[in-house]
>>> print(open('query_18.cif').read())   # mmCIF, C-alpha atoms (C1' of nucleotides)
data_model
#
loop_
_atom_site.label_atom_id
_atom_site.label_comp_id
_atom_site.auth_asym_id
_atom_site.auth_seq_id
_atom_site.Cartn_x
_atom_site.Cartn_y
_atom_site.Cartn_z
CA MET Z 4 -10.25 -12.36 -6.19
CA PHE Z 5 -7.29 -13.76 -4.31
CA GLN Z 6 -8.06 -11.09 -1.79
CA ALA Z 7 -11.52 -12.61 -1.39
CA LEU Z 8 -10.15 -16.13 -1.02
CA ALA Z 9 -7.58 -14.93 1.50
CA ASP Z 10 -9.99 -15.15 4.42
CA PRO Z 11 -10.64 -18.61 5.91
CA THR Z 12 -14.27 -17.83 6.66
CA ARG Z 13 -14.84 -16.78 3.08
CA ARG Z 14 -13.16 -19.95 1.87
CA LEU Z 15 -15.50 -21.96 4.07
CA MET Z 16 -18.45 -20.13 2.57
CA VAL Z 17 -17.25 -20.91 -0.94
CA GLU Z 18 -16.79 -24.56 -0.02
CA ARG Z 19 -20.27 -24.65 1.40
CA LEU Z 20 -21.68 -23.06 -1.76
CA CYS Z 21 -19.94 -25.63 -3.94
CA ASP Z 22 -22.23 -28.24 -2.42
CA GLY Z 23 -25.19 -26.28 -3.68
CA PRO Z 24 -26.87 -22.89 -3.34
CA ALA Z 25 -27.73 -21.59 0.09
CA SER Z 26 -29.50 -18.73 1.77
CA VAL Z 27 -27.59 -16.21 3.84
CA SER Z 28 -28.69 -17.73 7.14
CA GLU Z 29 -27.88 -21.26 5.95
CA LEU Z 30 -24.47 -19.94 5.08
CA ALA Z 31 -24.16 -18.31 8.49
CA ALA Z 32 -25.42 -21.26 10.54
CA PRO Z 33 -22.10 -23.17 10.90
CA LEU Z 34 -20.10 -19.99 11.46
CA ALA Z 35 -19.40 -18.58 14.91
CA MET Z 36 -20.26 -15.01 14.07
CA THR Z 37 -23.11 -12.59 13.50
CA LEU Z 38 -25.32 -12.63 10.46
CA SER Z 39 -24.02 -9.13 9.87
CA ALA Z 40 -20.45 -10.34 9.60
CA VAL Z 41 -21.48 -13.07 7.19
CA VAL Z 42 -23.29 -10.57 5.00
CA GLN Z 43 -20.13 -8.47 4.90
CA HIS Z 44 -18.07 -11.46 3.83
CA LEU Z 45 -20.69 -12.22 1.24
CA ALA Z 46 -20.37 -8.69 -0.11
CA VAL Z 47 -16.63 -9.21 -0.59
CA LEU Z 48 -17.24 -12.49 -2.38
CA GLU Z 49 -19.77 -10.85 -4.67
CA GLU Z 50 -17.51 -7.92 -5.45
CA SER Z 51 -14.80 -10.37 -6.43
CA GLY Z 52 -17.26 -12.10 -8.74
CA LEU Z 53 -16.81 -15.43 -6.99
CA VAL Z 54 -20.39 -15.56 -5.77
CA ARG Z 55 -23.70 -14.29 -7.04
CA SER Z 56 -27.00 -14.06 -5.29
CA GLN Z 57 -30.55 -13.10 -5.93
CA LYS Z 58 -33.24 -12.23 -3.50
CA GLN Z 59 -36.70 -13.64 -3.70
CA GLY Z 60 -39.14 -12.50 -1.10
CA ARG Z 61 -37.05 -12.06 2.01
CA VAL Z 62 -34.48 -14.74 1.41
CA ARG Z 63 -31.34 -14.20 -0.63
CA THR Z 64 -29.97 -17.28 -2.33
CA CYS Z 65 -26.27 -17.53 -3.18
CA HIS Z 66 -24.22 -19.66 -5.50
CA VAL Z 67 -20.65 -19.75 -6.76
CA GLU Z 68 -19.68 -18.38 -10.14
CA THR Z 69 -17.29 -20.71 -11.94
CA GLN Z 70 -15.97 -18.05 -14.28
CA ALA Z 71 -14.12 -16.34 -11.45
CA LEU Z 72 -12.79 -19.59 -10.02
CA ARG Z 73 -11.57 -20.49 -13.48
CA ALA Z 74 -9.74 -17.17 -13.78
CA ALA Z 75 -7.85 -17.68 -10.53
CA GLU Z 76 -7.07 -21.24 -11.49
CA ARG Z 77 -5.70 -20.09 -14.82
CA TRP Z 78 -3.46 -17.45 -13.28
CA ILE Z 79 -1.88 -19.97 -10.98
CA SER Z 80 -1.53 -22.74 -13.52
CA GLU Z 81 0.04 -20.41 -16.06
CA ARG Z 82 2.69 -19.23 -13.58
CA ARG Z 83 3.31 -22.76 -12.42
CA MET Z 84 3.75 -24.12 -15.91
CA LEU Z 85 6.00 -21.24 -16.85
CA TRP Z 86 8.28 -22.07 -13.96
CA GLU Z 87 8.16 -25.83 -14.44
CA ARG Z 88 9.05 -25.46 -18.09
CA ARG Z 89 12.08 -23.38 -17.09
CA PHE Z 90 12.98 -25.92 -14.45
CA ASP Z 91 12.80 -28.77 -16.95
CA ARG Z 92 14.98 -26.94 -19.45
CA LEU Z 93 17.56 -26.44 -16.72
CA GLY Z 94 17.37 -30.13 -15.84
CA ALA Z 95 17.88 -31.17 -19.44
CA TYR Z 96 20.75 -28.75 -19.79
CA LEU Z 97 22.48 -30.05 -16.69
CA ALA Z 98 21.95 -33.64 -17.80
CA GLU Z 99 23.71 -33.05 -21.10
CA ASN Z 100 26.29 -30.55 -19.92
CA PRO Z 101 27.69 -31.99 -16.65
CA ASP Z 102 28.95 -28.64 -15.18
CA GLU Z 103 28.70 -24.83 -14.87
CA PRO Z 104 25.70 -22.51 -14.45
CA ASP Z 105 23.34 -21.34 -17.22
CA ASP Z 106 22.20 -17.70 -16.87
CA GLY Z 107 20.13 -17.21 -13.75
CA SER Z 108 21.54 -17.55 -10.29
CA PRO Z 109 22.47 -20.96 -8.90
CA ALA Z 110 26.23 -20.55 -9.03
CA SER Z 111 28.50 -23.38 -8.01
CA SER Z 112 30.27 -23.93 -4.71
CA ARG Z 113 32.00 -21.82 -2.05
CA GLY Z 114 30.35 -19.41 0.38
CA ALA Z 115 28.23 -19.67 3.53
CA ARG Z 116 24.79 -20.67 2.36
CA ASP Z 117 21.95 -19.52 4.54
CA ASP Z 118 18.87 -21.33 3.26
CA ARG Z 119 15.39 -20.26 4.26
CA SER Z 120 12.84 -22.97 3.76
CA MET X 11 -1.23 -19.08 0.76
CA PHE X 12 -4.20 -17.23 -0.70
CA GLN X 13 -3.40 -14.62 1.87
CA ALA X 14 0.06 -14.30 0.33
CA LEU X 15 -1.33 -14.05 -3.20
CA ALA X 16 -3.89 -11.48 -2.08
CA ASP X 17 -1.45 -8.59 -2.43
CA PRO X 18 -0.82 -7.25 -5.95
CA THR X 19 2.83 -6.46 -5.20
CA ARG X 20 3.37 -9.99 -4.03
CA ARG X 21 1.67 -11.32 -7.14
CA LEU X 22 4.01 -9.21 -9.25
CA MET X 23 6.96 -10.64 -7.39
CA VAL X 24 5.74 -14.17 -8.02
CA GLU X 25 5.26 -13.39 -11.70
CA ARG X 26 8.76 -11.99 -11.86
CA LEU X 27 10.16 -15.10 -10.17
CA CYS X 28 8.40 -17.37 -12.64
CA ASP X 29 10.67 -15.96 -15.33
CA GLY X 30 13.63 -17.19 -13.33
CA PRO X 31 15.34 -16.71 -9.97
CA ALA X 32 16.23 -13.22 -8.81
CA SER X 33 18.02 -11.45 -6.01
CA VAL X 34 16.13 -9.27 -3.56
CA SER X 35 17.24 -6.04 -5.19
CA GLU X 36 16.43 -7.33 -8.67
CA LEU X 37 13.02 -8.15 -7.30
CA ALA X 38 12.73 -4.69 -5.79
CA ALA X 39 13.97 -2.73 -8.82
CA PRO X 40 10.65 -2.43 -10.74
CA LEU X 41 8.65 -1.76 -7.57
CA ALA X 42 7.96 1.73 -6.30
CA MET X 43 8.85 1.03 -2.70
CA THR X 44 11.72 0.55 -0.28
CA LEU X 45 13.92 -2.50 -0.21
CA SER X 46 12.65 -2.97 3.31
CA ALA X 47 9.06 -3.26 2.13
CA VAL X 48 10.05 -5.76 -0.52
CA VAL X 49 11.87 -7.88 2.04
CA GLN X 50 8.73 -7.88 4.16
CA HIS X 51 6.65 -9.06 1.23
CA LEU X 52 9.24 -11.69 0.55
CA ALA X 53 8.94 -12.91 4.13
CA VAL X 54 5.20 -13.38 3.65
CA LEU X 55 5.78 -15.30 0.44
CA GLU X 56 8.30 -17.54 2.15
CA GLU X 57 6.04 -18.21 5.13
CA SER X 58 3.32 -19.24 2.73
CA GLY X 59 5.75 -21.65 1.08
CA LEU X 60 5.32 -20.01 -2.32
CA VAL X 61 8.90 -18.83 -2.51
CA ARG X 62 12.21 -20.06 -1.23
CA SER X 63 15.53 -18.33 -1.07
CA GLN X 64 19.10 -18.93 -0.13
CA LYS X 65 21.80 -16.48 0.65
CA GLN X 66 25.26 -16.72 -0.79
CA GLY X 67 27.73 -14.07 0.19
CA ARG X 68 25.59 -10.98 0.61
CA VAL X 69 23.03 -11.68 -2.06
CA ARG X 70 19.88 -13.67 -1.42
CA THR X 71 18.48 -15.49 -4.42
CA CYS X 72 14.79 -16.34 -4.59
CA HIS X 73 12.72 -18.73 -6.65
CA VAL X 74 9.13 -19.97 -6.67
CA GLU X 75 8.14 -23.29 -5.16
CA THR X 76 5.73 -25.15 -7.43
CA GLN X 77 4.42 -27.40 -4.66
CA ALA X 78 2.59 -24.51 -3.04
CA LEU X 79 1.25 -23.19 -6.33
CA ARG X 80 0.01 -26.67 -7.09
CA ALA X 81 -1.81 -26.84 -3.77
CA ALA X 82 -3.67 -23.60 -4.39
CA GLU X 83 -4.49 -24.68 -7.91
CA ARG X 84 -5.88 -27.95 -6.62
CA TRP X 85 -8.09 -26.32 -4.03
CA ILE X 86 -9.67 -24.11 -6.64
CA SER X 87 -10.05 -26.74 -9.31
CA GLU X 88 -11.63 -29.19 -6.88
CA ARG X 89 -14.25 -26.66 -5.79
CA ARG X 90 -14.89 -25.65 -9.35
CA MET X 91 -15.34 -29.19 -10.58
CA LEU X 92 -17.59 -30.00 -7.65
CA TRP X 93 -19.85 -27.14 -8.58
CA GLU X 94 -19.75 -27.76 -12.31
CA ARG X 95 -20.68 -31.39 -11.79
CA ARG X 96 -23.66 -30.29 -9.72
CA PHE X 97 -24.59 -27.76 -12.33
CA ASP X 98 -24.48 -30.38 -15.08
CA ARG X 99 -26.63 -32.78 -13.10
CA LEU X 100 -29.20 -30.06 -12.67
CA GLY X 101 -29.09 -29.31 -16.36
CA ALA X 102 -29.64 -32.95 -17.26
CA TYR X 103 -32.45 -33.22 -14.76
CA LEU X 104 -34.22 -30.18 -16.13
CA ALA X 105 -33.78 -31.43 -19.64
CA GLU X 106 -35.54 -34.72 -18.90
CA ASN X 107 -38.05 -33.46 -16.36
CA PRO X 108 -39.52 -30.26 -17.86
CA ASP X 109 -40.70 -28.66 -14.56
CA GLU X 110 -40.41 -28.19 -10.76
CA PRO X 111 -37.37 -27.64 -8.50
CA ASP X 112 -34.91 -30.34 -7.32
CA ASP X 113 -33.70 -29.84 -3.70
CA GLY X 114 -31.75 -26.63 -3.33
CA SER X 115 -33.22 -23.23 -3.88
CA PRO X 116 -33.99 -22.02 -7.39
CA ALA X 117 -37.79 -22.13 -7.07
CA SER X 118 -39.96 -21.20 -10.00
CA SER X 119 -41.74 -17.95 -10.72
CA ARG X 120 -43.46 -15.19 -8.75
CA GLY X 121 -41.81 -12.63 -6.46
CA ALA X 122 -39.68 -9.52 -6.85
CA ARG X 123 -36.22 -10.71 -7.75
CA ASP X 124 -33.38 -8.44 -6.70
CA ASP X 125 -30.30 -9.81 -8.43
CA ARG X 126 -26.83 -8.77 -7.40
CA SER X 127 -24.30 -9.40 -10.08
"C1'" DA O 22 -53.04 -6.85 12.70
"C1'" DA O 23 -49.31 -8.63 15.57
"C1'" DG O 24 -45.38 -11.36 15.62
"C1'" DA O 25 -41.59 -13.64 13.86
"C1'" DT O 26 -38.14 -14.15 10.19
"C1'" DA O 27 -34.59 -12.84 7.01
"C1'" DC O 28 -31.98 -9.86 6.04
"C1'" DT O 29 -29.91 -4.62 5.60
"C1'" DT O 30 -27.37 -0.53 6.99
"C1'" DA O 31 -24.51 2.28 9.73
"C1'" DA O 32 -21.38 3.17 13.41
"C1'" DG O 33 -17.63 1.87 16.18
"C1'" DC O 34 -13.55 -0.72 17.69
"C1'" DG O 35 -9.34 -3.51 18.08
"C1'" DT O 36 -5.97 -5.75 15.41
"C1'" DA O 37 -3.44 -6.77 11.23
"C1'" DT O 38 -1.17 -4.96 6.95
"C1'" DG O 39 1.68 -2.30 4.03
"C1'" DC O 40 4.68 0.98 4.17
"C1'" DT O 41 8.56 4.28 5.73
"C1'" DT O 42 12.62 5.72 8.21
"C1'" DC O 43 16.76 4.89 10.64
"C1'" DA O 44 20.48 2.28 12.46
"C1'" DC O 45 23.42 -1.56 11.42
"C1'" DC O 46 26.20 -5.53 9.64
"C1'" DA O 47 28.59 -8.30 6.28
"C1'" DA O 48 30.41 -9.03 1.77
"C1'" DC O 49 32.75 -7.13 -2.18
"C1'" DC O 50 35.71 -3.68 -4.92
"C1'" DG O 51 39.34 -0.37 -5.94
"C1'" DC U 6 41.88 0.22 4.20
"C1'" DG U 7 37.69 2.80 3.13
"C1'" DG U 8 33.64 3.06 0.58
"C1'" DT U 9 29.93 1.06 -1.74
"C1'" DT U 10 26.61 -2.56 -2.31
"C1'" DG U 11 23.06 -5.87 -0.66
"C1'" DG U 12 20.53 -6.97 2.83
"C1'" DT U 13 18.61 -7.15 7.93
"C1'" DG U 14 15.82 -5.54 12.08
"C1'" DA U 15 13.18 -2.61 14.80
"C1'" DA U 16 10.14 1.25 15.43
"C1'" DG U 17 6.38 3.89 14.07
"C1'" DC U 18 2.29 5.16 11.45
"C1'" DA U 19 -1.92 5.32 8.49
"C1'" DT U 20 -5.16 2.64 6.59
"C1'" DA U 21 -7.77 -1.60 5.76
"C1'" DC U 22 -10.06 -5.61 7.73
"C1'" DG U 23 -13.04 -8.51 10.50
"C1'" DC U 24 -16.12 -8.20 13.76
"C1'" DT U 25 -19.90 -6.45 17.01
"C1'" DT U 26 -23.88 -3.89 18.43
"C1'" DA U 27 -27.96 -1.50 17.37
"C1'" DA U 28 -31.62 0.14 14.78
"C1'" DG U 29 -34.19 -0.49 10.79
"C1'" DT U 30 -37.11 -2.60 6.58
"C1'" DA U 31 -39.44 -5.87 4.02
"C1'" DT U 32 -41.74 -10.36 3.85
"C1'" DC U 33 -43.99 -14.37 5.64
"C1'" DT U 34 -47.11 -16.55 9.27
"C1'" DT U 35 -50.93 -16.89 12.26
#
>>> encode(input="query_18.cif", output="structure tokens")
Amino acid sequence: MFQALADPTRRLMVERLCDGPASVSELAAPLAMTLSAVVQHLAVLEESGLVRSQKQGRVRTCHVETQALRAAERWISERRMLWERRFDRLGAYLAENPDEPDDGSPASSRGARDDRS
Amino acid sequence: MFQALADPTRRLMVERLCDGPASVSELAAPLAMTLSAVVQHLAVLEESGLVRSQKQGRVRTCHVETQALRAAERWISERRMLWERRFDRLGAYLAENPDEPDDGSPASSRGARDDRS
DNA sequence: AAGATACTTAAGCGTATGCTTCACCAACCG
DNA sequence: CGGTTGGTGAAGCATACGCTTAAGTATCTT
């Protein structure tokens, strides 16, 4: 799922499909690569469940599957909220208790700090 | 960003960090791989902006950065909503107008359909 | 029936990824 | 002081990934 969204081309394809269903060649048109490559990307998207397609005659029509998007969204939002909740508790704690660490890591003062953005 | 979340190990690390900050070796402990490998994963996470860390003495402490998580979440939820809105409009249209296609693809009947889940 | 269209499938290729090992440095601890 | 702990950096290696070319196969179109 995240694997599928990791590639910029695939993300473009998903964006395109969010504006409405499209055939494989429609999907390929704006992309600077072979139809073959696009089909391969499509396969990844389908395996991940993000996209579905059905063929009618000789044209395959694709559309996004919200279920999968929702799943990814949920994973992220759960982690985020978990952390933010923790962060808020720490804030409240520090507001009431004007010194000393809680349990995790951020100790107090001395020592060469080597931050990495 | 999605690239960073694409790897299961990295996702585990993020999950771990959502329960609170951790040192590199704490992060590495539950993982069946070298410290070196973990550090490399950590580098990816930091480049993506998902994680930050600072070193104090000889131990580097890491924590998640909600900004980045929020960004990913937004991308997904925007696409999803875009599509769902479209889907709803189509539903409403079909409900009122009991036949014929709109603009996109899903034509009506005949033809061998070859669905791919 | 003869094209043209819309994919499909398989093979191959260069680069990126995920990992390991090995050498090394800077705290910290007894 | 010497040893351990916690981490860093550079090679090296196997596999996965993204892409291309090339050779089909159905399905329209004329």
>>> atom_distance(input="query_18.cif", atom1="CA of Ile79 in chain Z", atom2="CA of Glu75 in chain X")
12.1 Å
>>> interface_residues(input="query_18.cif", of="chain Z", to="chain U", cutoff="9 Å", atoms="all atoms listed in the file", output="PyMOL selection string")
chain Z and resi 36-37+39-40+44+60-62
>>> resolve_selection(input="query_18.cif", expression="the PyMOL selection byres ((chain O) within 9 of (chain X))", output="compact mmCIF listing (two decimals) with C-alpha atoms (C1' of nucleotides), in the coordinates of the input")
# COMPACT_ATOMS: atom_id res chain seq x y z
C1' DG O 39 1.68 -2.30 4.03
C1' DC O 40 4.68 0.98 4.17
C1' DT O 41 8.56 4.28 5.73
C1' DA O 47 28.59 -8.30 6.28
C1' DA O 48 30.41 -9.03 1.77
C1' DC O 49 32.75 -7.13 -2.18
>>> resolve_selection(input="query_18.cif", expression="the PyMOL selection byres ((chain X) within 9 of (chain Z))", output="PyMOL selection string")
chain X and resi 11-17+24-25+27-33+56-57+59+61-67+70-72+74-76+79-80+82-84+86-87+89-94+96-97+114-116+120-127
>>> atom_distance(input="query_18.cif", atom1="CA of Leu22 in chain X", atom2="CA of Pro40 in chain X")
9.6 Å
>>> calpha_fit_and_write(input="query_18.cif", fixed="chain Z", moving="chain X", output="compact mmCIF listing (two decimals) with C-alpha atoms, in the frame of the given file")
# COMPACT_ATOMS: atom_id res chain seq x y z
CA MET X 11 -10.25 -12.39 -6.20
CA PHE X 12 -7.28 -13.79 -4.31
CA GLN X 13 -8.05 -11.11 -1.80
CA ALA X 14 -11.52 -12.61 -1.41
CA LEU X 15 -10.15 -16.14 -1.02
CA ALA X 16 -7.58 -14.93 1.50
CA ASP X 17 -10.01 -15.15 4.41
CA PRO X 18 -10.66 -18.60 5.89
CA THR X 19 -14.30 -17.79 6.66
CA ARG X 20 -14.84 -16.77 3.09
CA ARG X 21 -13.17 -19.94 1.88
CA LEU X 22 -15.52 -21.94 4.09
CA MET X 23 -18.46 -20.12 2.59
CA VAL X 24 -17.26 -20.90 -0.91
CA GLU X 25 -16.80 -24.55 0.02
CA ARG X 26 -20.30 -24.63 1.43
CA LEU X 27 -21.70 -23.06 -1.74
CA CYS X 28 -19.97 -25.63 -3.91
CA ASP X 29 -22.25 -28.24 -2.38
CA GLY X 30 -25.20 -26.27 -3.68
CA PRO X 31 -26.88 -22.88 -3.33
CA ALA X 32 -27.75 -21.58 0.11
CA SER X 33 -29.51 -18.69 1.77
CA VAL X 34 -27.60 -16.17 3.84
CA SER X 35 -28.70 -17.66 7.14
CA GLU X 36 -27.93 -21.19 5.99
CA LEU X 37 -24.51 -19.88 5.10
CA ALA X 38 -24.19 -18.24 8.50
CA ALA X 39 -25.45 -21.17 10.58
CA PRO X 40 -22.14 -23.11 10.95
CA LEU X 41 -20.11 -19.93 11.48
CA ALA X 42 -19.40 -18.52 14.91
CA MET X 43 -20.27 -14.95 14.07
CA THR X 44 -23.12 -12.53 13.50
CA LEU X 45 -25.33 -12.56 10.46
CA SER X 46 -24.04 -9.08 9.84
CA ALA X 47 -20.46 -10.29 9.59
CA VAL X 48 -21.48 -13.04 7.20
CA VAL X 49 -23.29 -10.55 4.98
CA GLN X 50 -20.13 -8.46 4.89
CA HIS X 51 -18.08 -11.45 3.82
CA LEU X 52 -20.69 -12.21 1.23
CA ALA X 53 -20.37 -8.69 -0.14
CA VAL X 54 -16.63 -9.22 -0.60
CA LEU X 55 -17.24 -12.50 -2.39
CA GLU X 56 -19.76 -10.86 -4.69
CA GLU X 57 -17.48 -7.93 -5.49
CA SER X 58 -14.78 -10.39 -6.43
CA GLY X 59 -17.23 -12.12 -8.76
CA LEU X 60 -16.82 -15.45 -6.98
CA VAL X 61 -20.40 -15.57 -5.78
CA ARG X 62 -23.70 -14.31 -7.05
CA SER X 63 -27.02 -14.06 -5.31
CA GLN X 64 -30.58 -13.12 -5.94
CA LYS X 65 -33.27 -12.22 -3.51
CA GLN X 66 -36.74 -13.64 -3.68
CA GLY X 67 -39.19 -12.53 -1.06
CA ARG X 68 -37.03 -12.00 2.00
CA VAL X 69 -34.49 -14.72 1.40
CA ARG X 70 -31.35 -14.18 -0.63
CA THR X 71 -29.98 -17.27 -2.33
CA CYS X 72 -26.29 -17.50 -3.19
CA HIS X 73 -24.25 -19.67 -5.50
CA VAL X 74 -20.66 -19.77 -6.75
CA GLU X 75 -19.68 -18.40 -10.13
CA THR X 76 -17.29 -20.76 -11.91
CA GLN X 77 -15.97 -18.10 -14.27
CA ALA X 78 -14.12 -16.38 -11.46
CA LEU X 79 -12.80 -19.62 -10.01
CA ARG X 80 -11.58 -20.53 -13.46
CA ALA X 81 -9.73 -17.23 -13.77
CA ALA X 82 -7.86 -17.73 -10.52
CA GLU X 83 -7.07 -21.30 -11.46
CA ARG X 84 -5.69 -20.16 -14.78
CA TRP X 85 -3.45 -17.52 -13.27
CA ILE X 86 -1.88 -20.05 -10.96
CA SER X 87 -1.53 -22.83 -13.48
CA GLU X 88 0.06 -20.51 -16.03
CA ARG X 89 2.69 -19.34 -13.56
CA ARG X 90 3.31 -22.86 -12.41
CA MET X 91 3.74 -24.23 -15.90
CA LEU X 92 6.01 -21.36 -16.83
CA TRP X 93 8.27 -22.19 -13.95
CA GLU X 94 8.14 -25.94 -14.41
CA ARG X 95 9.06 -25.57 -18.07
CA ARG X 96 12.06 -23.48 -17.06
CA PHE X 97 12.98 -25.99 -14.43
CA ASP X 98 12.84 -28.85 -16.94
CA ARG X 99 14.99 -26.98 -19.42
CA LEU X 100 17.58 -26.46 -16.73
CA GLY X 101 17.44 -30.12 -15.83
CA ALA X 102 17.97 -31.17 -19.44
CA TYR X 103 20.80 -28.70 -19.82
CA LEU X 104 22.57 -29.96 -16.73
CA ALA X 105 22.10 -33.52 -17.84
CA GLU X 106 23.85 -32.93 -21.16
CA ASN X 107 26.39 -30.35 -20.01
CA PRO X 108 27.86 -31.73 -16.76
CA ASP X 109 29.07 -28.38 -15.30
CA GLU X 110 28.81 -24.56 -14.99
CA PRO X 111 25.79 -22.26 -14.52
CA ASP X 112 23.33 -21.17 -17.26
CA ASP X 113 22.15 -17.53 -16.90
CA GLY X 114 20.21 -17.01 -13.70
CA SER X 115 21.69 -17.43 -10.29
CA PRO X 116 22.44 -20.89 -8.94
CA ALA X 117 26.24 -20.61 -9.07
CA SER X 118 28.39 -23.51 -8.03
CA SER X 119 30.18 -24.11 -4.76
CA ARG X 120 31.93 -22.05 -2.09
CA GLY X 121 30.31 -19.64 0.38
CA ALA X 122 28.19 -19.89 3.51
CA ARG X 123 24.72 -20.81 2.37
CA ASP X 124 21.89 -19.65 4.61
CA ASP X 125 18.79 -21.41 3.32
CA ARG X 126 15.34 -20.31 4.33
CA SER X 127 12.78 -22.99 3.82
>>> atom_distance(input="query_18.cif", atom1="CA of Thr19 in chain X", atom2="CA of Ser51 in chain Z")
18.1 Å
